[in-house]
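See below for coords.pdb, which holds PDB, C-alpha atoms, pLDDT in the B column.
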ATOM      1  CA  MET Q   1      54.788  63.898   1.193  1.00 34.00           C
ATOM      2  CA  ALA Q   2      51.793  61.799   0.356  1.00 35.00           C
ATOM      3  CA  GLY Q   3      49.452  61.877   3.315  1.00 37.00           C
ATOM      4  CA  GLY Q   4      46.782  59.384   2.347  1.00 45.00           C
ATOM      5  CA  SER Q   5      46.486  55.665   1.680  1.00 77.00           C
ATOM      6  CA  GLU Q   6      47.460  55.878  -1.993  1.00 85.00           C
ATOM      7  CA  LEU Q   7      51.024  55.084  -2.988  1.00 92.00           C
ATOM      8  CA  GLN Q   8      52.395  56.884  -6.023  1.00 93.00           C
ATOM      9  CA  PRO Q   9      55.597  55.791  -7.770  1.00 93.00           C
ATOM     10  CA  GLY Q  10      58.583  57.757  -6.488  1.00 93.00           C
ATOM     11  CA  VAL Q  11      56.501  59.917  -4.114  1.00 94.00           C
ATOM     12  CA  PRO Q  12      57.404  59.396  -0.421  1.00 95.00           C
ATOM     13  CA  ALA Q  13      54.588  58.415   1.944  1.00 94.00           C
ATOM     14  CA  GLU Q  14      55.029  58.817   5.696  1.00 94.00           C
ATOM     15  CA  VAL Q  15      54.505  56.006   8.184  1.00 95.00           C
ATOM     16  CA  PHE Q  16      54.746  56.748  11.915  1.00 94.00           C
ATOM     17  CA  VAL Q  17      55.850  53.878  14.173  1.00 95.00           C
ATOM     18  CA  ALA Q  18      56.369  53.660  17.947  1.00 94.00           C
ATOM     19  CA  PRO Q  19      59.308  52.152  19.892  1.00 93.00           C
ATOM     20  CA  GLY Q  20      58.576  48.630  21.068  1.00 91.00           C
ATOM     21  CA  ARG Q  21      55.468  48.303  18.861  1.00 92.00           C
ATOM     22  CA  ALA Q  22      54.882  46.694  15.486  1.00 93.00           C
ATOM     23  CA  THR Q  23      53.119  48.485  12.618  1.00 94.00           C
ATOM     24  CA  THR Q  24      51.397  46.448   9.925  1.00 93.00           C
ATOM     25  CA  ILE Q  25      51.228  47.758   6.352  1.00 93.00           C
ATOM     26  CA  LEU Q  26      48.578  46.057   4.208  1.00 90.00           C
ATOM     27  CA  PHE Q  27      48.825  46.480   0.433  1.00 89.00           C
ATOM     28  CA  GLN Q  28      45.323  46.552  -1.089  1.00 82.00           C
ATOM     29  CA  THR Q  29      46.340  45.129  -4.452  1.00 83.00           C
ATOM     30  CA  GLU Q  30      46.795  41.772  -6.138  1.00 77.00           C
ATOM     31  CA  GLN Q  31      50.356  42.761  -7.009  1.00 85.00           C
ATOM     32  CA  LYS Q  32      53.088  41.521  -4.667  1.00 90.00           C
ATOM     33  CA  VAL Q  33      56.199  43.274  -3.386  1.00 94.00           C
ATOM     34  CA  ALA Q  34      59.103  41.961  -5.457  1.00 94.00           C
ATOM     35  CA  ALA Q  35      61.990  43.643  -3.608  1.00 95.00           C
ATOM     36  CA  ILE Q  36      62.580  45.783  -0.513  1.00 96.00           C
ATOM     37  CA  SER Q  37      65.521  48.116   0.172  1.00 95.00           C
ATOM     38  CA  LEU Q  38      66.094  49.471   3.682  1.00 94.00           C
ATOM     39  CA  ALA Q  39      68.187  52.632   4.010  1.00 91.00           C
ATOM     40  CA  SER Q  40      69.338  52.119   7.616  1.00 91.00           C
ATOM     41  CA  PRO Q  41      68.914  49.641  10.505  1.00 91.00           C
ATOM     42  CA  ALA Q  42      66.639  52.052  12.407  1.00 92.00           C
ATOM     43  CA  VAL Q  43      63.781  49.579  11.826  1.00 94.00           C
ATOM     44  CA  THR Q  44      63.391  45.925  10.969  1.00 95.00           C
ATOM     45  CA  TYR Q  45      60.734  44.489   8.651  1.00 96.00           C
ATOM     46  CA  LYS Q  46      59.073  41.222   7.710  1.00 95.00           C
ATOM     47  CA  TYR Q  47      57.039  40.760   4.537  1.00 95.00           C
ATOM     48  CA  ASP Q  48      54.265  38.152   4.372  1.00 91.00           C
ATOM     49  CA  ARG Q  49      53.660  37.431   0.704  1.00 88.00           C
ATOM     50  CA  SER Q  50      50.486  35.397   1.246  1.00 82.00           C
ATOM     51  CA  LEU Q  51      48.784  38.265   3.121  1.00 84.00           C
ATOM     52  CA  ASN Q  52      50.621  40.925   1.090  1.00 87.00           C
ATOM     53  CA  GLN Q  53      51.505  42.809   4.255  1.00 91.00           C
ATOM     54  CA  LEU Q  54      54.645  44.322   5.729  1.00 95.00           C
ATOM     55  CA  GLU Q  55      55.373  44.404   9.459  1.00 96.00           C
ATOM     56  CA  ILE Q  56      57.721  47.174  10.600  1.00 96.00           C
ATOM     57  CA  THR Q  57      59.289  47.286  14.073  1.00 95.00           C
ATOM     58  CA  PRO Q  58      61.628  50.054  15.299  1.00 94.00           C
ATOM     59  CA  ALA Q  59      65.068  48.849  16.316  1.00 91.00           C
ATOM     60  CA  ALA Q  60      65.644  52.110  18.198  1.00 78.00           C
ATOM     61  CA  ARG Q  61      64.184  52.540  21.678  1.00 81.00           C
ATOM     62  CA  ALA Q  62      63.963  56.316  21.361  1.00 81.00           C
ATOM     63  CA  SER Q  63      61.893  58.497  19.063  1.00 86.00           C
ATOM     64  CA  GLY Q  64      63.250  61.022  16.576  1.00 89.00           C
ATOM     65  CA  VAL Q  65      64.816  58.447  14.247  1.00 91.00           C
ATOM     66  CA  GLU Q  66      63.753  57.970  10.638  1.00 93.00           C
ATOM     67  CA  THR Q  67      64.642  55.904   7.584  1.00 95.00           C
ATOM     68  CA  ASN Q  68      63.097  54.867   4.283  1.00 96.00           C
ATOM     69  CA  LEU Q  69      61.954  51.644   2.688  1.00 95.00           C
ATOM     70  CA  ASN Q  70      61.936  51.381  -1.097  1.00 97.00           C
ATOM     71  CA  LEU Q  71      59.454  48.836  -2.418  1.00 96.00           C
ATOM     72  CA  ARG Q  72      59.437  47.455  -5.943  1.00 95.00           C
ATOM     73  CA  ILE Q  73      55.912  46.480  -6.963  1.00 92.00           C
ATOM     74  CA  GLY Q  74      55.471  45.647 -10.619  1.00 87.00           C
ATOM     75  CA  PRO Q  75      57.521  48.066 -12.738  1.00 88.00           C
ATOM     76  CA  ASN Q  76      57.441  50.840 -10.108  1.00 92.00           C
ATOM     77  CA  VAL Q  77      59.303  51.784  -6.933  1.00 95.00           C
ATOM     78  CA  TYR Q  78      57.303  53.125  -3.972  1.00 96.00           C
ATOM     79  CA  ILE Q  79      58.908  54.911  -1.030  1.00 97.00           C
ATOM     80  CA  LEU Q  80      57.878  54.677   2.626  1.00 96.00           C
ATOM     81  CA  VAL Q  81      59.478  57.224   4.953  1.00 96.00           C
ATOM     82  CA  VAL Q  82      59.353  55.583   8.386  1.00 96.00           C
ATOM     83  CA  ARG Q  83      59.490  57.950  11.367  1.00 94.00           C
ATOM     84  CA  VAL Q  84      59.859  56.679  14.947  1.00 95.00           C
ATOM     85  CA  VAL Q  85      57.645  58.775  17.246  1.00 93.00           C
ATOM     86  CA  ASN Q  86      56.325  58.514  20.763  1.00 91.00           C
ATOM     87  CA  ASP Q  87      53.064  60.464  20.516  1.00 90.00           C
ATOM     88  CA  VAL Q  88      49.573  60.322  19.010  1.00 87.00           C
ATOM     89  CA  ARG Q  89      50.967  60.185  15.470  1.00 90.00           C
ATOM     90  CA  ALA Q  90      51.996  56.536  15.973  1.00 91.00           C
ATOM     91  CA  GLN Q  91      50.151  54.229  13.565  1.00 91.00           C
ATOM     92  CA  PHE Q  92      49.790  50.515  14.208  1.00 91.00           C
ATOM     93  CA  PHE Q  93      48.006  49.679  10.970  1.00 90.00           C
ATOM     94  CA  ARG Q  94      48.097  51.260   7.511  1.00 90.00           C
ATOM     95  CA  ARG Q  95      46.318  50.189   4.373  1.00 86.00           C
ATOM     96  CA  PHE Q  96      47.756  51.344   1.032  1.00 89.00           C
ATOM     97  CA  GLU Q  97      46.380  51.198  -2.482  1.00 87.00           C
ATOM     98  CA  LEU Q  98      48.428  51.843  -5.605  1.00 89.00           C
ATOM     99  CA  GLU Q  99      47.825  54.746  -7.948  1.00 85.00           C
ATOM    100  CA  GLY Q 100      46.357  53.500 -11.217  1.00 78.00           C
ATOM    101  CA  ASP Q 101      45.765  50.006  -9.862  1.00 75.00           C
ATOM    102  CA  PRO Q 102      42.803  48.155 -11.467  1.00 60.00           C
ATOM    103  CA  GLY Q 103      39.713  48.114  -9.248  1.00 52.00           C
ATOM    104  CA  ARG Q 104      40.577  51.390  -7.496  1.00 58.00           C
ATOM    105  CA  ASP Q 105      37.200  53.024  -8.210  1.00 60.00           C
ATOM    106  CA  ASP Q 106      35.708  51.541  -5.055  1.00 73.00           C
ATOM    107  CA  GLU Q 107      33.431  54.540  -4.385  1.00 81.00           C
ATOM    108  CA  ALA Q 108      31.427  54.204  -7.598  1.00 75.00           C
ATOM    109  CA  GLY Q 109      28.571  52.449  -5.814  1.00 81.00           C
ATOM    110  CA  LEU Q 110      27.977  54.999  -3.040  1.00 87.00           C
ATOM    111  CA  ALA Q 111      24.795  56.234  -4.709  1.00 83.00           C
ATOM    112  CA  GLN Q 112      23.221  52.800  -4.221  1.00 88.00           C
ATOM    113  CA  ALA Q 113      23.301  53.127  -0.419  1.00 92.00           C
ATOM    114  CA  ARG Q 114      20.127  54.547   1.119  1.00 93.00           C
ATOM    115  CA  PRO Q 115      20.180  57.434   3.602  1.00 94.00           C
ATOM    116  CA  LEU Q 116      19.994  56.217   7.204  1.00 95.00           C
ATOM    117  CA  LYS Q 117      18.247  57.674  10.215  1.00 96.00           C
ATOM    118  CA  PRO Q 118      20.530  58.519  13.175  1.00 96.00           C
ATOM    119  CA  GLU Q 119      19.229  55.548  15.153  1.00 96.00           C
ATOM    120  CA  GLU Q 120      20.079  53.232  12.242  1.00 97.00           C
ATOM    121  CA  VAL Q 121      23.771  54.131  12.281  1.00 97.00           C
ATOM    122  CA  ASP Q 122      25.666  51.538  14.328  1.00 97.00           C
ATOM    123  CA  ILE Q 123      28.589  53.782  15.204  1.00 97.00           C
ATOM    124  CA  VAL Q 124      29.716  51.554  18.086  1.00 97.00           C
ATOM    125  CA  GLY Q 125      29.896  48.556  15.783  1.00 97.00           C
ATOM    126  CA  ALA Q 126      31.699  50.633  13.159  1.00 97.00           C
ATOM    127  CA  ALA Q 127      34.253  51.823  15.735  1.00 97.00           C
ATOM    128  CA  LYS Q 128      34.915  48.255  16.870  1.00 96.00           C
ATOM    129  CA  ALA Q 129      35.310  47.114  13.259  1.00 96.00           C
ATOM    130  CA  MET Q 130      37.877  49.843  12.623  1.00 95.00           C
ATOM    131  CA  GLU Q 131      39.825  48.935  15.753  1.00 93.00           C
ATOM    132  CA  ARG Q 132      39.916  45.249  14.852  1.00 93.00           C
ATOM    133  CA  ALA Q 133      40.839  45.895  11.215  1.00 90.00           C
ATOM    134  CA  GLU Q 134      43.894  47.821  12.423  1.00 84.00           C
ATOM    135  CA  THR Q 135      45.365  44.765  14.123  1.00 84.00           C
ATOM    136  CA  ASP Q 136      43.777  41.786  12.356  1.00 86.00           C
ATOM    137  CA  ALA Q 137      44.656  41.462   8.676  1.00 82.00           C
ATOM    138  CA  VAL Q 138      42.413  38.412   8.253  1.00 85.00           C
ATOM    139  CA  PHE Q 139      39.425  40.375   9.593  1.00 90.00           C
ATOM    140  CA  SER Q 140      40.355  43.277   7.313  1.00 86.00           C
ATOM    141  CA  ARG Q 141      40.391  41.074   4.227  1.00 83.00           C
ATOM    142  CA  ALA Q 142      37.052  39.558   5.244  1.00 88.00           C
ATOM    143  CA  HIS Q 143      35.487  43.053   5.163  1.00 90.00           C
ATOM    144  CA  PRO Q 144      36.319  44.372   1.667  1.00 85.00           C
ATOM    145  CA  ALA Q 145      33.770  47.199   1.961  1.00 90.00           C
ATOM    146  CA  LEU Q 146      35.802  48.794   4.774  1.00 93.00           C
ATOM    147  CA  ARG Q 147      38.541  51.247   3.864  1.00 89.00           C
ATOM    148  CA  ILE Q 148      40.695  52.997   6.476  1.00 89.00           C
ATOM    149  CA  GLU Q 149      42.544  56.196   5.675  1.00 85.00           C
ATOM    150  CA  ALA Q 150      45.113  57.763   7.996  1.00 86.00           C
ATOM    151  CA  LEU Q 151      44.552  61.523   8.329  1.00 88.00           C
ATOM    152  CA  SER Q 152      47.102  62.317  11.078  1.00 83.00           C
ATOM    153  CA  GLN Q 153      46.014  65.942  11.491  1.00 91.00           C
ATOM    154  CA  CYS Q 154      46.808  67.693  14.776  1.00 94.00           C
ATOM    155  CA  TYR Q 155      45.093  70.764  16.234  1.00 96.00           C
ATOM    156  CA  SER Q 156      46.212  72.809  19.255  1.00 95.00           C
ATOM    157  CA  TRP Q 157      43.494  73.246  21.856  1.00 96.00           C
ATOM    158  CA  ASN Q 158      44.016  74.456  25.439  1.00 95.00           C
ATOM    159  CA  GLY Q 159      47.636  73.323  25.469  1.00 94.00           C
ATOM    160  CA  CYS Q 160      46.841  69.880  24.028  1.00 96.00           C
ATOM    161  CA  GLN Q 161      47.283  68.313  20.612  1.00 95.00           C
ATOM    162  CA  VAL Q 162      43.959  66.974  19.327  1.00 97.00           C
ATOM    163  CA  ALA Q 163      44.388  64.498  16.468  1.00 96.00           C
ATOM    164  CA  LEU Q 164      41.926  63.805  13.669  1.00 96.00           C
ATOM    165  CA  ALA Q 165      43.610  60.443  13.391  1.00 94.00           C
ATOM    166  CA  GLU Q 166      41.816  58.493  10.689  1.00 94.00           C
ATOM    167  CA  VAL Q 167      38.611  57.842   8.818  1.00 96.00           C
ATOM    168  CA  GLY Q 168      36.929  54.530   8.163  1.00 95.00           C
ATOM    169  CA  GLN Q 169      34.768  54.316   5.049  1.00 95.00           C
ATOM    170  CA  PHE Q 170      32.038  51.672   4.920  1.00 96.00           C
ATOM    171  CA  LEU Q 171      31.376  51.639   1.191  1.00 94.00           C
ATOM    172  CA  ASP Q 172      28.192  49.556   1.322  1.00 93.00           C
ATOM    173  CA  GLN Q 173      26.558  52.087   3.690  1.00 96.00           C
ATOM    174  CA  ASP Q 174      27.980  55.361   2.308  1.00 96.00           C
ATOM    175  CA  LEU Q 175      29.237  55.812   5.867  1.00 97.00           C
ATOM    176  CA  LEU Q 176      32.343  57.673   7.023  1.00 98.00           C
ATOM    177  CA  VAL Q 177      33.482  57.275  10.636  1.00 98.00           C
ATOM    178  CA  PHE Q 178      36.220  59.581  11.951  1.00 98.00           C
ATOM    179  CA  ARG Q 179      38.384  58.852  14.973  1.00 97.00           C
ATOM    180  CA  VAL Q 180      39.500  61.785  17.141  1.00 97.00           C
ATOM    181  CA  GLN Q 181      42.122  61.155  19.831  1.00 96.00           C
ATOM    182  CA  TRP Q 182      44.046  63.270  22.308  1.00 96.00           C
ATOM    183  CA  VAL Q 183      45.523  63.211  25.796  1.00 95.00           C
ATOM    184  CA  ASN Q 184      45.036  65.932  28.399  1.00 95.00           C
ATOM    185  CA  GLY Q 185      48.668  66.809  29.007  1.00 94.00           C
ATOM    186  CA  THR Q 186      47.875  69.775  31.255  1.00 95.00           C
ATOM    187  CA  ASN Q 187      47.447  69.962  35.022  1.00 95.00           C
ATOM    188  CA  ASP Q 188      43.817  71.043  34.695  1.00 94.00           C
ATOM    189  CA  ALA Q 189      40.598  69.175  34.003  1.00 94.00           C
ATOM    190  CA  LEU Q 190      39.199  70.207  30.603  1.00 94.00           C
ATOM    191  CA  TYR Q 191      35.610  70.173  29.381  1.00 94.00           C
ATOM    192  CA  LEU Q 192      34.880  69.031  25.839  1.00 94.00           C
ATOM    193  CA  ASP Q 193      31.587  67.344  25.052  1.00 94.00           C
ATOM    194  CA  ALA Q 194      31.240  65.021  22.058  1.00 95.00           C
ATOM    195  CA  THR Q 195      28.675  67.403  20.534  1.00 95.00           C
ATOM    196  CA  GLN Q 196      31.329  70.159  20.353  1.00 96.00           C
ATOM    197  CA  TYR Q 197      33.383  68.350  17.705  1.00 97.00           C
ATOM    198  CA  GLY Q 198      32.538  69.234  14.110  1.00 97.00           C
ATOM    199  CA  LEU Q 199      33.691  68.304  10.601  1.00 97.00           C
ATOM    200  CA  PHE Q 200      34.407  70.300   7.460  1.00 96.00           C
ATOM    201  CA  ALA Q 201      35.137  69.032   3.955  1.00 92.00           C
ATOM    202  CA  GLY Q 202      36.626  71.483   1.472  1.00 84.00           C
ATOM    203  CA  GLY Q 203      35.617  74.373   3.726  1.00 88.00           C
ATOM    204  CA  HIS Q 204      31.970  73.269   4.005  1.00 91.00           C
ATOM    205  CA  LYS Q 205      30.442  72.165   7.294  1.00 95.00           C
ATOM    206  CA  ILE Q 206      29.218  68.571   7.092  1.00 96.00           C
ATOM    207  CA  PRO Q 207      26.445  67.357   9.415  1.00 97.00           C
ATOM    208  CA  VAL Q 208      27.492  64.671  11.888  1.00 98.00           C
ATOM    209  CA  ILE Q 209      24.728  62.066  12.115  1.00 98.00           C
ATOM    210  CA  SER Q 210      26.072  60.154  15.114  1.00 98.00           C
ATOM    211  CA  ARG Q 211      28.742  60.452  17.815  1.00 97.00           C
ATOM    212  CA  TYR Q 212      30.363  57.904  20.115  1.00 97.00           C
ATOM    213  CA  LYS Q 213      32.626  58.833  23.004  1.00 95.00           C
ATOM    214  CA  MET Q 214      34.618  56.082  24.675  1.00 91.00           C
ATOM    215  CA  GLY Q 215      34.939  56.224  28.442  1.00 80.00           C
ATOM    216  CA  GLY Q 216      33.441  58.789  30.777  1.00 72.00           C
ATOM    217  CA  GLY Q 217      31.693  62.106  30.410  1.00 85.00           C
ATOM    218  CA  ALA Q 218      32.640  65.489  29.007  1.00 90.00           C
ATOM    219  CA  VAL Q 219      35.337  66.252  31.618  1.00 93.00           C
ATOM    220  CA  ILE Q 220      38.813  65.054  30.625  1.00 94.00           C
ATOM    221  CA  TYR Q 221      41.172  64.876  33.584  1.00 94.00           C
ATOM    222  CA  PRO Q 222      44.986  65.365  33.494  1.00 95.00           C
ATOM    223  CA  GLY Q 223      46.629  62.401  31.802  1.00 94.00           C
ATOM    224  CA  GLN Q 224      43.333  61.022  30.503  1.00 94.00           C
ATOM    225  CA  ARG Q 225      43.043  59.858  26.881  1.00 94.00           C
ATOM    226  CA  GLU Q 226      40.002  61.003  24.918  1.00 96.00           C
ATOM    227  CA  THR Q 227      38.681  58.973  21.969  1.00 97.00           C
ATOM    228  CA  VAL Q 228      35.614  60.129  20.039  1.00 98.00           C
ATOM    229  CA  TYR Q 229      34.068  58.788  16.833  1.00 98.00           C
ATOM    230  CA  LEU Q 230      32.071  61.013  14.460  1.00 98.00           C
ATOM    231  CA  ALA Q 231      29.851  59.577  11.708  1.00 98.00           C
ATOM    232  CA  VAL Q 232      28.784  61.108   8.387  1.00 98.00           C
ATOM    233  CA  GLN Q 233      26.307  59.228   6.203  1.00 97.00           C
ATOM    234  CA  GLY Q 234      24.441  59.588   2.939  1.00 94.00           C
ATOM    235  CA  TYR Q 235      26.312  62.480   1.312  1.00 93.00           C
ATOM    236  CA  ARG Q 236      28.338  60.398  -1.199  1.00 90.00           C
ATOM    237  CA  LEU Q 237      31.514  61.956   0.154  1.00 91.00           C
ATOM    238  CA  SER Q 238      34.943  60.415  -0.222  1.00 89.00           C
ATOM    239  CA  ARG Q 239      37.451  59.504   2.457  1.00 89.00           C
ATOM    240  CA  ASN Q 240      39.898  61.403   0.247  1.00 81.00           C
ATOM    241  CA  ASN Q 241      38.137  64.759   0.615  1.00 87.00           C
ATOM    242  CA  ASP Q 242      39.928  67.612   2.379  1.00 87.00           C
ATOM    243  CA  TRP Q 243      38.598  66.806   5.853  1.00 94.00           C
ATOM    244  CA  GLN Q 244      39.145  69.182   8.780  1.00 95.00           C
ATOM    245  CA  LEU Q 245      38.201  68.954  12.443  1.00 97.00           C
ATOM    246  CA  ALA Q 246      36.319  71.815  14.119  1.00 97.00           C
ATOM    247  CA  LEU Q 247      36.851  72.500  17.835  1.00 97.00           C
ATOM    248  CA  PRO Q 248      35.382  75.124  20.176  1.00 95.00           C
ATOM    249  CA  PRO Q 249      37.585  78.144  20.985  1.00 92.00           C
ATOM    250  CA  ASP Q 250      40.145  77.434  23.690  1.00 87.00           C
ATOM    251  CA  ALA Q 251      40.249  79.414  26.912  1.00 71.00           C
ATOM    252  CA  ALA Q 252      42.880  81.896  25.698  1.00 59.00           C
ATOM    253  CA  ALA Q 253      40.825  82.736  22.600  1.00 47.00           C
ATOM    254  CA  VAL Q 254      37.726  83.350  24.725  1.00 43.00           C
ATOM    255  CA  VAL Q 255      39.680  85.673  27.037  1.00 40.00           C
ATOM    256  CA  ARG Q 256      40.973  87.647  24.036  1.00 47.00           C
ATOM    257  CA  LEU Q 257      37.462  87.843  22.597  1.00 44.00           C
ATOM    258  CA  LEU Q 258      36.116  89.249  25.868  1.00 46.00           C
ATOM    259  CA  GLY Q 259      39.045  91.690  26.078  1.00 53.00           C
ATOM    260  CA  ARG Q 260      40.130  90.556  29.511  1.00 53.00           C
TER
END
Could you quickly redo this structure as structure tokens?
Amino acid sequence: MAGGSELQPGVPAEVFVAPGRATTILFQTEQKVAAISLASPAVTYKYDRSLNQLEITPAARASGVETNLNLRIGPNVYILVVRVVNDVRAQFFRRFELEGDPGRDDEAGLAQARPLKPEEVDIVGAAKAMERAETDAVFSRAHPALRIEALSQCYSWNGCQVALAEVGQFLDQDLLVFRVQWVNGTNDALYLDATQYGLFAGGHKIPVISRYKMGGGAVIYPGQRETVYLAVQGYRLSRNNDWQLALPPDAAAVVRLLGR
């Protein structure tokens, strides 16, 4: 299934929603949704034509349910597969563009942005902008240079699922900001410093110019949520590259390496 923020006619795109929470889908196009077909009553929806956004709310209180929404936009039909989950995959805001839509070449001006020094990268401000854009469609429309792409990649580390959740692209700065999130679901305190997270694109290690860790220090206690932002700037890279998260070896891998 399509995993990014581009909708292709007839190709299903996944949307993960959480029980009791609303998920907003913003369509980054001048074209409006002409018709919506819902396969089952597992979710309800409300379409705001003026904002060109769709609000989806699960009707089910439990996870594990799914359905599909078929959207007619122009001459094409686009398919959203909506899955009700109760974990880090839940998405409260998605922004979709349409394949072949006029004005899609939004990365053409990346070369005009100058390289920044680490101290010039406002990663805290970028993180706050991403958080607000997820819940405030008016704010999102007021910042047309910001694009947010859901990555929804999960990595196993010391019995936990670490998610490379999304990337925010600030087109006017040639800046990519990645959000990493996970919860320590074990009974042990775990150590993971912000400097131990890395990024790869297409198999190549990409330098991280700035890091921002929300909350406390490098020790993550049982039940604690970890949120880290990683910034890449000045490489003219796309949010649509094959991005991967790098983590240090977990304890079991170290034990095997030492032959204990």
Any chance you could resolve the PyMOL selection byres ((chain Q and resi 26) around 7) against this file and give the residues as a short mmCIF file (atom, residue, chain, number, x, y, z; two decimals) with C-alpha atoms, keeping the file's coordinate frame?
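As a result, result.cif now contains:
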data_model
loop_
_atom_site.label_atom_id
_atom_site.label_comp_id
_atom_site.auth_asym_id
_atom_site.auth_seq_id
_atom_site.Cartn_x
_atom_site.Cartn_y
_atom_site.Cartn_z
CA THR Q 24 51.40 46.45 9.93
CA ILE Q 25 51.23 47.76 6.35
CA PHE Q 27 48.82 46.48 0.43
CA GLN Q 28 45.32 46.55 -1.09
CA ASN Q 52 50.62 40.92 1.09
CA GLN Q 53 51.50 42.81 4.26
CA LEU Q 54 54.64 44.32 5.73
CA ARG Q 94 48.10 51.26 7.51
CA ARG Q 95 46.32 50.19 4.37
CA PHE Q 96 47.76 51.34 1.03
#
Quiz prompt | Minimum-distance residue to Lys46 in chain Q, chosen among Q:Thr195, Q:Thr23, Q:Gln224, Q:Thr29 (using only C-alpha atoms) | solution =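 Result for the nearest residue to Lys46 in chain Q: Q:Thr23.
Applied to this file, the PyMOL selection byres ((chain Q and resi 108-115) around 8) selects the residues Asp105, Asp106, Glu107, Leu116, Lys117, Leu171, Asp172, Gln173, Asp174, Gln233, Gly234 and Arg236 of chain Q.
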Quiz item: What is the CA of Pro75 in chain Q-CA of Ala142 in chain Q distance in Å, reported with one decimal?
Solution: 28.5 Å
Quiz item: Within 9 Å of Leu71 in chain Q, counting only C-alpha atoms, which residues qualify if same-chain residues fewer than 6 places away don't, as an NGL selection string?
Solution: :Q and (33-37 or 77-80)
On this file, the PyMOL selection byres ((chain Q and resi 228) around 9) gives some set of residues; write that set as a PDB file with C-alpha atoms, in the frame of the given file.
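New file expr_19.pdb:
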ATOM      1  CA  PHE Q 178      36.220  59.581  11.951  1.00 98.00           C
ATOM      2  CA  ARG Q 179      38.384  58.852  14.973  1.00 97.00           C
ATOM      3  CA  VAL Q 180      39.500  61.785  17.141  1.00 97.00           C
ATOM      4  CA  GLN Q 181      42.122  61.155  19.831  1.00 96.00           C
ATOM      5  CA  ALA Q 194      31.240  65.021  22.058  1.00 95.00           C
ATOM      6  CA  TYR Q 197      33.383  68.350  17.705  1.00 97.00           C
ATOM      7  CA  ARG Q 211      28.742  60.452  17.815  1.00 97.00           C
ATOM      8  CA  TYR Q 212      30.363  57.904  20.115  1.00 97.00           C
ATOM      9  CA  LYS Q 213      32.626  58.833  23.004  1.00 95.00           C
ATOM     10  CA  MET Q 214      34.618  56.082  24.675  1.00 91.00           C
ATOM     11  CA  GLU Q 226      40.002  61.003  24.918  1.00 96.00           C
ATOM     12  CA  THR Q 227      38.681  58.973  21.969  1.00 97.00           C
ATOM     13  CA  TYR Q 229      34.068  58.788  16.833  1.00 98.00           C
ATOM     14  CA  LEU Q 230      32.071  61.013  14.460  1.00 98.00           C
TER      15      LEU Q 230
END
Practice problem: Name the residues in contact with Leu38 in chain Q at a cut-off of 12 Å, using all atoms listed in the file, excluding same-chain residues fewer than 4 positions from it; report them as a list in words. | Solution: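 Counting all atoms listed in the file, the residues come to Ala42, Val43, Thr44, Tyr45, Lys46, Ile56, Glu66, Thr67, Asn68, Leu69, Asn70, Leu71, Arg72, Ile79, Leu80, Val81 and Val82 of chain Q.
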Up to 12 Å from (47.9, 67.5, 26.2) in the file's coordinates: name the residues, counting all atoms listed in the file, as a PDB file with C-alpha atoms, keeping the file's coordinate frame.
ATOM      1  CA  ASP Q  87      53.064  60.464  20.516  1.00 90.00           C
ATOM      2  CA  VAL Q  88      49.573  60.322  19.010  1.00 87.00           C
ATOM      3  CA  CYS Q 154      46.808  67.693  14.776  1.00 94.00           C
ATOM      4  CA  TYR Q 155      45.093  70.764  16.234  1.00 96.00           C
ATOM      5  CA  SER Q 156      46.212  72.809  19.255  1.00 95.00           C
ATOM      6  CA  TRP Q 157      43.494  73.246  21.856  1.00 96.00           C
ATOM      7  CA  ASN Q 158      44.016  74.456  25.439  1.00 95.00           C
ATOM      8  CA  GLY Q 159      47.636  73.323  25.469  1.00 94.00           C
ATOM      9  CA  CYS Q 160      46.841  69.880  24.028  1.00 96.00           C
ATOM     10  CA  GLN Q 161      47.283  68.313  20.612  1.00 95.00           C
ATOM     11  CA  VAL Q 162      43.959  66.974  19.327  1.00 97.00           C
ATOM     12  CA  ALA Q 163      44.388  64.498  16.468  1.00 96.00           C
ATOM     13  CA  GLN Q 181      42.122  61.155  19.831  1.00 96.00           C
ATOM     14  CA  TRP Q 182      44.046  63.270  22.308  1.00 96.00           C
ATOM     15  CA  VAL Q 183      45.523  63.211  25.796  1.00 95.00           C
ATOM     16  CA  ASN Q 184      45.036  65.932  28.399  1.00 95.00           C
ATOM     17  CA  GLY Q 185      48.668  66.809  29.007  1.00 94.00           C
ATOM     18  CA  THR Q 186      47.875  69.775  31.255  1.00 95.00           C
ATOM     19  CA  ASN Q 187      47.447  69.962  35.022  1.00 95.00           C
ATOM     20  CA  ASP Q 188      43.817  71.043  34.695  1.00 94.00           C
ATOM     21  CA  ALA Q 189      40.598  69.175  34.003  1.00 94.00           C
ATOM     22  CA  LEU Q 190      39.199  70.207  30.603  1.00 94.00           C
ATOM     23  CA  ILE Q 220      38.813  65.054  30.625  1.00 94.00           C
ATOM     24  CA  TYR Q 221      41.172  64.876  33.584  1.00 94.00           C
ATOM     25  CA  PRO Q 222      44.986  65.365  33.494  1.00 95.00           C
ATOM     26  CA  GLY Q 223      46.629  62.401  31.802  1.00 94.00           C
ATOM     27  CA  GLN Q 224      43.333  61.022  30.503  1.00 94.00           C
ATOM     28  CA  ARG Q 225      43.043  59.858  26.881  1.00 94.00           C
ATOM     29  CA  GLU Q 226      40.002  61.003  24.918  1.00 96.00           C
TER      30      GLU Q 226
END
Quiz item: Just how far from CA of Asp48 in chain Q is CA of Val138 in chain Q, in Å to one decimal?
Solution: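 Pair CA of Val138 in chain Q / CA of Asp48 in chain Q returns 12.5 Å.
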Quiz item: Between CA of Ser5 in chain Q and CA of Gln196 in chain Q, what is the spacing in Å?
Solution: 28.1 Å
